[in-house]
Each structure stands twice: as C-alpha cells, then as structure tokens.
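Please read the structure below before turning to the comments.
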Amino acid sequence: MKIIKPHSKDLEKLIGRFNASQNKRVKERVDSIIYDVRANGDEALLKYTKCFDGVKMTLRQMRVSESEKSAAFQDISPEFISTLKKIIANITKFYTKQQKRSWKQINQDGVFLGEKIDPLERVGVYVPAGTAPLVSCVYMSVLPARIAGVQDIVLVTPPDKNGHINPHILVVAGLLKVNEIYKVGGAHAVAALAFGTKTIKKVDKIVGPGNNYVTEAKRQVFGYCDIDMLAGPTELVVIANRYSNVHYCIADLASQAEHFGGLAVLITPSKSLAKEVKQAFTGHDKGFIILVKNLDEAIDISNRIAPEHLEILTKNPRKFIKKVKNTGALFLGPYSPVAIGDYFAGPSHVLPTAGTARFFSGLSTNDFLRSTHIISYSKKTLEESKQHIEKLCQIEGLSKHFESVKKRFE
C-alpha cells in the first residue's frame, strides 16, 4: 500500500481514480455492443454470450425454465432458507419505513393540489456473476422494488461455463416471485433490457451493480430508460486512529481485494497504525494510506473522495455523522464492518461508486416510484390568478398561453 500525504499530487491522482470518468476503449466497445443489440436483437445476445461467457445456447435455453428453478431447491441447504428469511425480514423492516405515499390538499379558495405516487410497471435487475455469483444482489435489488409495489421484475445474470445459473440465485429469485430470469450478462444484457428484443421485453428501469462495461452501458442507455445509479467496482474508505483496532482495519481493507477492481483507502493521523497496515499489505496494489493531521481533515478528504462505503473505527464515531456529506453508506464503530451491510443489516448494498455519492444515493423504494402532479382550479380561483399568468406570458413572449386562460372568461 502506498502512503500519501494531504495536499499532494498523489492525493489528487487518487481522488481522480475514484471519480467517474469514461474509458475511451470501454465506451467505444459498449457503444458497438448496444448498436448491435438494437439492430439484431436476440441474435446479438447469443453471439455475445458465446464470445464473452464461452457458452453456446439457443433462445429457448437463454430463459431459465421452470424445471431449472425447481431443481435449484435441491442443490441448496435448508440452512440457507432460514438465513434468507432473516435477511428478508431485516430488509423489509428498513424499506417499509421509506414508503412514499400519495397526498392531496384542498385550500379554502377551492384549489385542489396533490401528488399521485405509482410504482414503475417493469424493472430489470442485473446480478453480476462473472468472477463470483453475487447472490445477495438479488434480494438487495428485488426487495426494495417489491416493497415499492413493482409487479413485473425481470432478472438477468451471466451463465457459468456450463450454461447454468448458480442455484442460490435461482432460489432467492424464486422466493421473491421473479418469474422471468435470463442467462445473459454484460453490456448486451443492459442493452436488451433498455431497448427490448423479441425474447426480452424492454423495461422502465435497470438496477444493480456491475463491472466497467455494465456501468458504461447503463450510462449510455439512460434516457431510453431510467437507471438506479452508476454502481461499478467496489470502494472502501476506513477512517481510524491510534485507538482503533488495527486487525479490524486490515481485515476490512482486505475484504475489498476479493472484488475485481476493488479500491481500499485508510485515512489516519496515526503513523504507527499506518505502518502496521502497510506491512500487512506488502505486495498489494489495491490500497492506499493517507496520513492526515487529525480526524477532521480525514473527514474532509473522505467527503472529496465520496466513497461507496465509509467506515469510521474511532471512539464515539457517531459524533462525525453530521460532518460526513458524501458516501453511499456509513458504517460506525468496530462491530459494523461493510460485510454486515453487504449481506444482512437491511439497507441495500447497491450503492453509488466512482465519486457519484456526491449526488446519487443508495437504492431505495423511491427509485421504483414515479409521481404525477395533480392540479385542479375552480373558475373563481383561475380568474384571481389570471393577471399573474398574463405578466409571465408577456415576459416570455408566449401570448397563446395567456389566450388559453382568457378564453375561459369570454
């Protein structure tokens, strides 16, 4: 791990690594894949599945069959179902508190205003499985959508070298009543969800993390459909000092190395802690250590980085909550490692990366809702507002707008 000082060029370079930027080669490759899927549909999906996953399949095989779903239950342990039920309870409890509801108000002057909240009709969930089948991504993405009221959910995930989907993914999807599952991943899966093919019907929104190609594909299809956020390779910042447990720091930073492209940073005012952590990571190039004057400076630098995950392993970490501005998820204290958020606590682990935590939030029920503004005026209240509308129409030079109001009083 490289030790970096504040106010240095190395720090600016590190922050640049976190911040979202388009790789020209990735952008061009993804652009080509999306164009191909739009033009050739299912044929392109089968071609790229063979090219990238090494699996030759038919269209019929691309969709997971009912027999495959049933067989998956035979390949898992009963203990997994028990664990899953506890996880579902935690997630449901958290997201039920987020529920946004329709509202209306009728003023004394007879004006009726309101907001009608409806769930999206069809959502696509991307579940990574290239280097490891991320089973947790299923319930972390599907449950917030279900709680929001989305009825039609389709799941896409790349097949293994034998053309199969991990049975745990199929079981979780089955228990959450995801009936449509396809063995397709990568940028071509994102394109299929966004634009539709003969086999895969287009969706209103795509959610879920992925590699650089999946993230770039989501960026490019945004506007044709909605996306949750740019959720790419994982990131962790740990803020610690001389009172922190060095073994916890090392273990949590090392957990990011399990993910391809993962990035881990320790920010500390303690030279002795930095030295111990650096020695533990000899030969690793995925981590960095930033030596700061104090914890306030550590928070300031973390806010600039805007990491996906931020752990504060100091004494009384809750006192820093107000100072933390930019992070996807905040983990406080020695017994709140990122792993508890990844799998069990309740909030979704689908979080913004690449510095986008400055303006994106973690996945919520609100991501699966759309609102319709409702306006109803009486003749009397419209007449009372007429002069104000006329002034604005004159300023903007849109006379026909005012004519539409004046016509009602002729």
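Ligands are numbered from 1 in the order shown, chains are lettered A, B, ... in the order of the structure tokens, and residues start at 1 in each chain.
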
Practice problem: Enumerate, as a ChimeraX atom specification, the complete set of residues in region 3-243 of chain A that a backbone-based DSSP assignment places in strand (DSSP E). | Solution: /A:3-4,103-106,112-119,122-126,152-157,180-183,205-207,226-227,235-239

Self-check item: Close residues, Ile200 (chain A) itself excluded, 10 Å, only C-alpha atoms, min 4 positions apart in chain, as a ChimeraX atom specification
Solution: /A:41-42,63,154,156,180-182,189,192-196

Could you save the residues just selected, with N, CA and C atoms, as a compact mmCIF listing (two decimals), in the first residue's frame?
# COMPACT_ATOMS: atom_id res chain seq x y z
N GLY A 41 -31.01 -7.73 -32.09
CA GLY A 41 -31.79 -8.35 -31.01
C GLY A 41 -31.22 -9.63 -30.45
N ASP A 42 -32.05 -10.67 -30.41
CA ASP A 42 -31.67 -11.94 -29.79
C ASP A 42 -30.43 -12.56 -30.41
N ARG A 63 -33.68 -18.39 -21.56
CA ARG A 63 -34.59 -18.14 -20.44
C ARG A 63 -34.59 -19.33 -19.50
N VAL A 154 -37.76 -8.48 -14.02
CA VAL A 154 -37.00 -9.43 -14.82
C VAL A 154 -35.55 -9.39 -14.36
N VAL A 156 -31.50 -10.54 -15.04
CA VAL A 156 -30.50 -11.03 -15.99
C VAL A 156 -29.20 -11.26 -15.24
N GLU A 180 -39.26 -14.16 -14.43
CA GLU A 180 -38.53 -14.01 -15.69
C GLU A 180 -37.04 -13.88 -15.40
N ILE A 181 -36.26 -14.89 -15.75
CA ILE A 181 -34.82 -14.89 -15.50
C ILE A 181 -34.11 -15.31 -16.78
N TYR A 182 -33.09 -14.55 -17.17
CA TYR A 182 -32.36 -14.84 -18.41
C TYR A 182 -30.88 -15.03 -18.13
N ALA A 189 -26.69 -7.43 -22.11
CA ALA A 189 -27.88 -7.64 -21.29
C ALA A 189 -28.54 -6.31 -20.95
N ALA A 192 -30.38 -5.08 -23.97
CA ALA A 192 -31.63 -5.82 -24.18
C ALA A 192 -32.73 -5.31 -23.26
N LEU A 193 -32.38 -5.03 -22.01
CA LEU A 193 -33.36 -4.52 -21.06
C LEU A 193 -33.84 -3.12 -21.47
N ALA A 194 -32.93 -2.31 -21.96
CA ALA A 194 -33.27 -0.92 -22.29
C ALA A 194 -34.11 -0.80 -23.56
N PHE A 195 -33.78 -1.60 -24.57
CA PHE A 195 -34.43 -1.44 -25.88
C PHE A 195 -35.36 -2.60 -26.24
N GLY A 196 -35.20 -3.72 -25.55
CA GLY A 196 -36.05 -4.87 -25.83
C GLY A 196 -35.58 -5.68 -27.02

Per residue of region 218-246 of chain A within 9 Å of region 300-317 of chain A, note the shortest atom pair and the distance in Å to one decimal, counting only C-alpha atoms, and order the rows by chain and increasing residue number, as CSV.
residue,atom,partner,partner_atom,distance
A:Ala231,CA,A:Glu308,CA,8.7
A:Thr234,CA,A:Glu308,CA,6.9
A:Glu235,CA,A:Glu308,CA,5.3
A:Leu236,CA,A:His309,CA,4.8
A:Val237,CA,A:Leu310,CA,4.9
A:Val238,CA,A:Glu311,CA,4.7
A:Ile239,CA,A:Ile312,CA,4.8
A:Ala240,CA,A:Leu313,CA,5.1
A:Asn241,CA,A:Thr314,CA,6.2
A:Arg242,CA,A:Thr314,CA,8.4
A:Tyr243,CA,A:Thr314,CA,6.5
A:Ser244,CA,A:Thr314,CA,5.6
A:Asn245,CA,A:Leu313,CA,7.8

Exercise. If you run DSSP over the backbone, which residues in region 37-175 of chain A end up alpha helix (DSSP H)? Put them as a ChimeraX atom specification.
Key: /A:37-40,42-53,59-62,66-72,78-96,136-148,167-175

Self-check item: Spatial neighbours of Met57 (chain A), max dist 8 Å, only C-alpha atoms, sep filter under 5 positions, as a VMD selection string
Solution: chain A and resid 46 50 62 163

Which residues are close to Ile81 (chain A), i.e. within 10 Å by only C-alpha atoms, leaving aside same-chain residues fewer than 3 positions away? Reply as a compact mmCIF listing (two decimals) with N, CA and C atoms, in the first residue's frame.
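And here's part.txt as it stands now:
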# COMPACT_ATOMS: atom_id res chain seq x y z
N PHE A 73 -33.70 -25.82 -5.90
CA PHE A 73 -34.01 -26.02 -4.49
C PHE A 73 -33.38 -27.31 -3.96
N ILE A 76 -29.40 -26.70 -2.65
CA ILE A 76 -29.04 -25.79 -1.56
C ILE A 76 -29.38 -26.44 -0.23
N SER A 77 -28.80 -25.89 0.83
CA SER A 77 -29.07 -26.44 2.17
C SER A 77 -30.28 -25.75 2.79
N PRO A 78 -31.01 -26.44 3.66
CA PRO A 78 -32.16 -25.83 4.35
C PRO A 78 -31.73 -24.61 5.19
N LEU A 84 -31.98 -16.72 4.77
CA LEU A 84 -32.64 -15.81 3.83
C LEU A 84 -33.89 -15.18 4.45
N LYS A 85 -34.64 -15.94 5.22
CA LYS A 85 -35.85 -15.40 5.85
C LYS A 85 -35.51 -14.29 6.83
N LYS A 86 -34.41 -14.44 7.56
CA LYS A 86 -33.99 -13.38 8.49
C LYS A 86 -33.56 -12.13 7.74
N ILE A 87 -32.85 -12.33 6.62
CA ILE A 87 -32.41 -11.20 5.80
C ILE A 87 -33.61 -10.46 5.22
N HIS A 168 -28.39 -20.76 -5.85
CA HIS A 168 -28.81 -19.83 -4.80
C HIS A 168 -29.47 -18.59 -5.40
N VAL A 171 -32.96 -19.70 -6.39
CA VAL A 171 -33.83 -19.90 -5.22
C VAL A 171 -34.31 -18.57 -4.66
N VAL A 172 -33.37 -17.62 -4.50
CA VAL A 172 -33.76 -16.30 -3.97
C VAL A 172 -34.76 -15.64 -4.92
N LEU A 175 -38.18 -17.34 -4.56
CA LEU A 175 -38.89 -16.99 -3.33
C LEU A 175 -39.43 -15.57 -3.37
